[in-house]
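The file model_10.pdb comes next; it holds PDB, C-alpha atoms, pLDDT in the B column.
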```pdb
ATOM      1  CA  LEU L  97     -40.437 -87.675 -14.285  1.00 51.00           C
ATOM      2  CA  PRO L  98     -40.765 -85.019 -16.977  1.00 52.00           C
ATOM      3  CA  LEU L  99     -40.499 -81.438 -15.841  1.00 57.00           C
ATOM      4  CA  ASP L 100     -43.436 -79.224 -16.673  1.00 59.00           C
ATOM      5  CA  ALA L 101     -42.156 -76.306 -18.655  1.00 56.00           C
ATOM      6  CA  ALA L 102     -44.074 -73.078 -18.912  1.00 56.00           C
ATOM      7  CA  PRO L 103     -45.340 -72.410 -22.423  1.00 56.00           C
ATOM      8  CA  PRO L 104     -43.293 -69.899 -24.343  1.00 57.00           C
ATOM      9  CA  THR L 105     -44.554 -66.364 -23.957  1.00 61.00           C
ATOM     10  CA  SER L 106     -44.413 -63.575 -26.447  1.00 59.00           C
ATOM     11  CA  PRO L 107     -42.910 -60.347 -25.238  1.00 60.00           C
ATOM     12  CA  THR L 108     -45.495 -58.026 -23.706  1.00 59.00           C
ATOM     13  CA  PRO L 109     -45.753 -54.764 -25.624  1.00 56.00           C
ATOM     14  CA  PRO L 110     -45.159 -51.658 -23.532  1.00 58.00           C
ATOM     15  CA  SER L 111     -48.290 -50.111 -22.056  1.00 59.00           C
ATOM     16  CA  PRO L 112     -49.446 -46.919 -23.751  1.00 56.00           C
ATOM     17  CA  PRO L 113     -48.898 -43.771 -21.711  1.00 55.00           C
ATOM     18  CA  ALA L 114     -51.743 -42.862 -19.391  1.00 51.00           C
ATOM     19  CA  PRO L 115     -54.101 -40.319 -20.972  1.00 49.00           C
ATOM     20  CA  ALA L 116     -53.771 -36.753 -19.772  1.00 43.00           C
ATOM     21  CA  PRO L 117     -56.539 -35.569 -17.451  1.00 43.00           C
ATOM     22  CA  THR L 118     -59.382 -34.080 -19.448  1.00 43.00           C
ATOM     23  CA  ALA L 119     -61.799 -31.277 -18.721  1.00 44.00           C
ATOM     24  CA  PRO L 120     -65.392 -32.184 -17.869  1.00 47.00           C
ATOM     25  CA  VAL L 121     -67.441 -33.224 -20.874  1.00 64.00           C
ATOM     26  CA  GLY L 122     -69.300 -30.309 -22.418  1.00 82.00           C
ATOM     27  CA  GLY L 123     -68.680 -26.614 -22.663  1.00 90.00           C
ATOM     28  CA  ASN L 124     -68.528 -24.211 -19.740  1.00 92.00           C
ATOM     29  CA  TYR L 125     -70.111 -20.757 -19.431  1.00 93.00           C
ATOM     30  CA  GLY L 126     -69.487 -18.691 -22.558  1.00 93.00           C
ATOM     31  CA  ASP L 127     -68.169 -21.576 -24.682  1.00 94.00           C
ATOM     32  CA  ALA L 128     -69.409 -22.096 -28.235  1.00 95.00           C
ATOM     33  CA  CYS L 129     -71.948 -24.898 -28.577  1.00 96.00           C
ATOM     34  CA  ASP L 130     -74.016 -26.838 -31.099  1.00 93.00           C
ATOM     35  CA  PRO L 131     -75.393 -30.398 -31.282  1.00 92.00           C
ATOM     36  CA  SER L 132     -71.874 -31.730 -31.921  1.00 93.00           C
ATOM     37  CA  HIS L 133     -70.355 -29.660 -29.090  1.00 93.00           C
ATOM     38  CA  PRO L 134     -72.881 -29.636 -26.230  1.00 95.00           C
ATOM     39  CA  CYS L 135     -72.640 -27.660 -23.019  1.00 95.00           C
ATOM     40  CA  ALA L 136     -71.926 -29.221 -19.627  1.00 93.00           C
ATOM     41  CA  SER L 137     -74.936 -31.042 -18.160  1.00 89.00           C
ATOM     42  CA  SER L 138     -76.150 -28.133 -16.007  1.00 89.00           C
ATOM     43  CA  LEU L 139     -75.991 -25.608 -18.887  1.00 94.00           C
ATOM     44  CA  VAL L 140     -77.979 -24.968 -22.061  1.00 94.00           C
ATOM     45  CA  CYS L 141     -76.874 -23.770 -25.484  1.00 96.00           C
ATOM     46  CA  ALA L 142     -78.426 -20.373 -26.234  1.00 94.00           C
ATOM     47  CA  HIS L 143     -78.352 -18.891 -29.736  1.00 93.00           C
ATOM     48  CA  GLN L 144     -79.931 -15.523 -28.958  1.00 89.00           C
ATOM     49  CA  LEU L 145     -80.885 -13.270 -26.083  1.00 84.00           C
ATOM     50  CA  GLY L 146     -84.470 -12.084 -26.155  1.00 79.00           C
ATOM     51  CA  MET L 147     -86.947 -12.231 -28.993  1.00 78.00           C
ATOM     52  CA  GLY L 148     -88.109  -9.968 -31.772  1.00 79.00           C
ATOM     53  CA  PRO L 149     -86.222  -7.103 -33.414  1.00 80.00           C
ATOM     54  CA  GLY L 150     -84.152  -6.341 -30.293  1.00 78.00           C
ATOM     55  CA  ALA L 151     -82.853  -9.905 -29.925  1.00 82.00           C
ATOM     56  CA  ILE L 152     -79.084 -10.320 -29.661  1.00 85.00           C
ATOM     57  CA  SER L 153     -77.630 -13.125 -31.748  1.00 89.00           C
ATOM     58  CA  LEU L 154     -75.097 -15.306 -29.934  1.00 92.00           C
ATOM     59  CA  ALA L 155     -72.855 -16.368 -32.808  1.00 91.00           C
ATOM     60  CA  GLY L 156     -71.683 -19.949 -32.478  1.00 94.00           C
ATOM     61  CA  GLY L 157     -73.985 -20.587 -29.518  1.00 95.00           C
ATOM     62  CA  TYR L 158     -73.268 -19.690 -25.882  1.00 96.00           C
ATOM     63  CA  CYS L 159     -73.320 -22.085 -22.930  1.00 96.00           C
ATOM     64  CA  THR L 160     -75.382 -20.528 -20.150  1.00 95.00           C
ATOM     65  CA  SER L 161     -78.082 -21.218 -17.558  1.00 95.00           C
ATOM     66  CA  ALA L 162     -81.042 -19.284 -16.213  1.00 93.00           C
ATOM     67  CA  CYS L 163     -80.504 -17.576 -12.866  1.00 93.00           C
ATOM     68  CA  ASN L 164     -84.060 -16.410 -12.138  1.00 89.00           C
ATOM     69  CA  ASP L 165     -84.441 -19.100  -9.454  1.00 89.00           C
ATOM     70  CA  ALA L 166     -80.936 -20.498  -8.988  1.00 90.00           C
ATOM     71  CA  PRO L 167     -77.509 -18.911  -8.552  1.00 92.00           C
ATOM     72  CA  CYS L 168     -74.831 -19.151 -11.222  1.00 92.00           C
ATOM     73  CA  LEU L 169     -72.011 -21.621 -10.782  1.00 90.00           C
ATOM     74  CA  ALA L 170     -68.408 -20.447 -10.393  1.00 88.00           C
ATOM     75  CA  GLY L 171     -67.115 -18.473 -13.375  1.00 89.00           C
ATOM     76  CA  ALA L 172     -70.376 -16.728 -14.247  1.00 91.00           C
ATOM     77  CA  THR L 173     -72.444 -13.746 -13.142  1.00 91.00           C
ATOM     78  CA  CYS L 174     -76.226 -13.394 -13.332  1.00 92.00           C
ATOM     79  CA  VAL L 175     -77.206 -10.643 -15.764  1.00 89.00           C
ATOM     80  CA  ASP L 176     -80.777  -9.343 -16.129  1.00 86.00           C
ATOM     81  CA  PHE L 177     -81.461  -8.703 -19.804  1.00 79.00           C
ATOM     82  CA  GLY L 178     -84.861  -7.169 -19.102  1.00 74.00           C
ATOM     83  CA  LYS L 179     -88.183  -7.944 -20.705  1.00 67.00           C
ATOM     84  CA  GLY L 180     -87.874 -10.824 -23.136  1.00 67.00           C
ATOM     85  CA  GLY L 181     -84.263 -11.590 -22.265  1.00 70.00           C
ATOM     86  CA  GLY L 182     -84.645 -12.999 -18.784  1.00 83.00           C
ATOM     87  CA  GLN L 183     -81.825 -13.512 -16.327  1.00 89.00           C
ATOM     88  CA  LEU L 184     -78.915 -15.574 -17.588  1.00 92.00           C
ATOM     89  CA  CYS L 185     -75.535 -16.615 -16.236  1.00 94.00           C
ATOM     90  CA  MET L 186     -72.875 -15.072 -18.451  1.00 93.00           C
ATOM     91  CA  ALA L 187     -69.169 -15.936 -18.435  1.00 93.00           C
ATOM     92  CA  GLU L 188     -67.125 -13.602 -16.226  1.00 92.00           C
ATOM     93  CA  CYS L 189     -64.071 -12.060 -17.829  1.00 92.00           C
ATOM     94  CA  PRO L 190     -61.002 -10.179 -18.064  1.00 81.00           C
ATOM     95  CA  PRO L 191     -60.769  -9.593 -21.849  1.00 63.00           C
ATOM     96  CA  ALA L 192     -58.402 -12.524 -22.410  1.00 64.00           C
ATOM     97  CA  SER L 193     -61.042 -15.057 -21.398  1.00 77.00           C
ATOM     98  CA  CYS L 194     -63.662 -14.110 -24.027  1.00 91.00           C
ATOM     99  CA  ARG L 195     -63.663 -16.117 -27.237  1.00 92.00           C
ATOM    100  CA  ASP L 196     -63.367 -14.651 -30.740  1.00 91.00           C
ATOM    101  CA  GLY L 197     -66.248 -12.323 -31.594  1.00 91.00           C
ATOM    102  CA  TYR L 198     -67.025 -11.629 -27.930  1.00 92.00           C
ATOM    103  CA  SER L 199     -65.829  -8.790 -25.709  1.00 91.00           C
ATOM    104  CA  CYS L 200     -65.553  -8.218 -21.989  1.00 91.00           C
ATOM    105  CA  CYS L 201     -68.465  -5.868 -21.344  1.00 89.00           C
ATOM    106  CA  ASP L 202     -69.696  -4.005 -18.293  1.00 88.00           C
ATOM    107  CA  ALA L 203     -73.295  -5.180 -17.951  1.00 79.00           C
ATOM    108  CA  ALA L 204     -74.975  -3.739 -14.857  1.00 68.00           C
ATOM    109  CA  GLY L 205     -71.675  -3.592 -12.972  1.00 80.00           C
ATOM    110  CA  ALA L 206     -70.530  -7.103 -13.890  1.00 83.00           C
ATOM    111  CA  HIS L 207     -67.803  -7.874 -16.424  1.00 91.00           C
ATOM    112  CA  VAL L 208     -69.097 -10.609 -18.731  1.00 92.00           C
ATOM    113  CA  CYS L 209     -68.447 -11.902 -22.247  1.00 93.00           C
ATOM    114  CA  LEU L 210     -71.026 -10.629 -24.747  1.00 91.00           C
ATOM    115  CA  PRO L 211     -71.014 -10.325 -28.530  1.00 90.00           C
ATOM    116  CA  GLY L 212     -68.577  -7.501 -29.200  1.00 81.00           C
ATOM    117  CA  ASP L 213     -71.066  -5.279 -31.020  1.00 78.00           C
ATOM    118  CA  HIS L 214     -73.599  -5.510 -28.179  1.00 77.00           C
ATOM    119  CA  CYS L 215     -71.636  -4.178 -25.215  1.00 79.00           C
ATOM    120  CA  PRO L 216     -73.797  -1.653 -23.405  1.00 66.00           C
ATOM    121  CA  ALA L 217     -72.602   1.876 -24.090  1.00 58.00           C
ATOM    122  CA  SER L 218     -70.504   3.258 -21.277  1.00 50.00           C
ATOM    123  CA  GLY L 219     -71.491   6.633 -19.907  1.00 41.00           C
ATOM    124  CA  GLY L 220     -70.045   9.666 -21.635  1.00 35.00           C
TER     125      GLY L 220
END
```
Can you turn what I pasted into structure tokens?
Amino acid sequence: LPLDAAPPTSPTPPSPPAPAPTAPVGGNYGDACDPSHPCASSLVCAHQLGMGPGAISLAGGYCTSACNDAPCLAGATCVDFGKGGGQLCMAECPPASCRDGYSCCDAAGAHVCLPGDHCPASGG
């Protein structure tokens, strides 16, 4: 009786290393955004606060959400920008957490990242 031999096998290449854990898809509060770099699913990409001559441009886009009817998620504070600006969740900060072009500003008692040239004037 002939013995059944297993077919020759080629050496199995080593498995690639497991990918590192990644952050959730999409930007978080205060991150830059555009069609190629969208915000997380619960956020929107804003390019300005308010309308008309007093509007504040949000250079590079800003991931945010409205907080008129819903609270902000962790990492953001609801800021009322008054007539035309609405209430938006803005990224909370110490200064190190704001991206380039943005500063940690005191806006109605909350410390949030805003365009550096639009921090409300402090008293004095």
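One finds CA of Gly150 in chain L at 25.8 Å from CA of Ala166 in chain L.
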(request) With the file shown as input, list the residues that the PyMOL selection byres ((chain L and resi 197-207) around 8) selects, as number ranges by chain. (result) L: 155, 173, 175, 188-191, 194-196, 208-212, 215-216, 218
(message) With distances taken over all atoms listed in the file, which residue among L:Gln183, L:Asp130, L:Ser193, L:Asp213 lies nearest Tyr158 in chain L?
(response)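 Residue with the minimum atom-to-atom distance to Tyr158 in chain L: L:Asp130.
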(request) For CA of Cys141 in chain L and CA of Ser153 in chain L, determine how far apart the two atoms are, in Å to one decimal place. (result) 12.4 Å
(request) Step by step, work through what the PyMOL selection byres ((chain L and resi 169) around 12) selects in the shown file, and finish by giving those residues as a count of residues only. (result) 22
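If you measure from each of L:Asp165, L:Asp176, L:His214, L:Gly123 to Ile152 in chain L using only C-alpha atoms, the closest one turns out to be L:His214.
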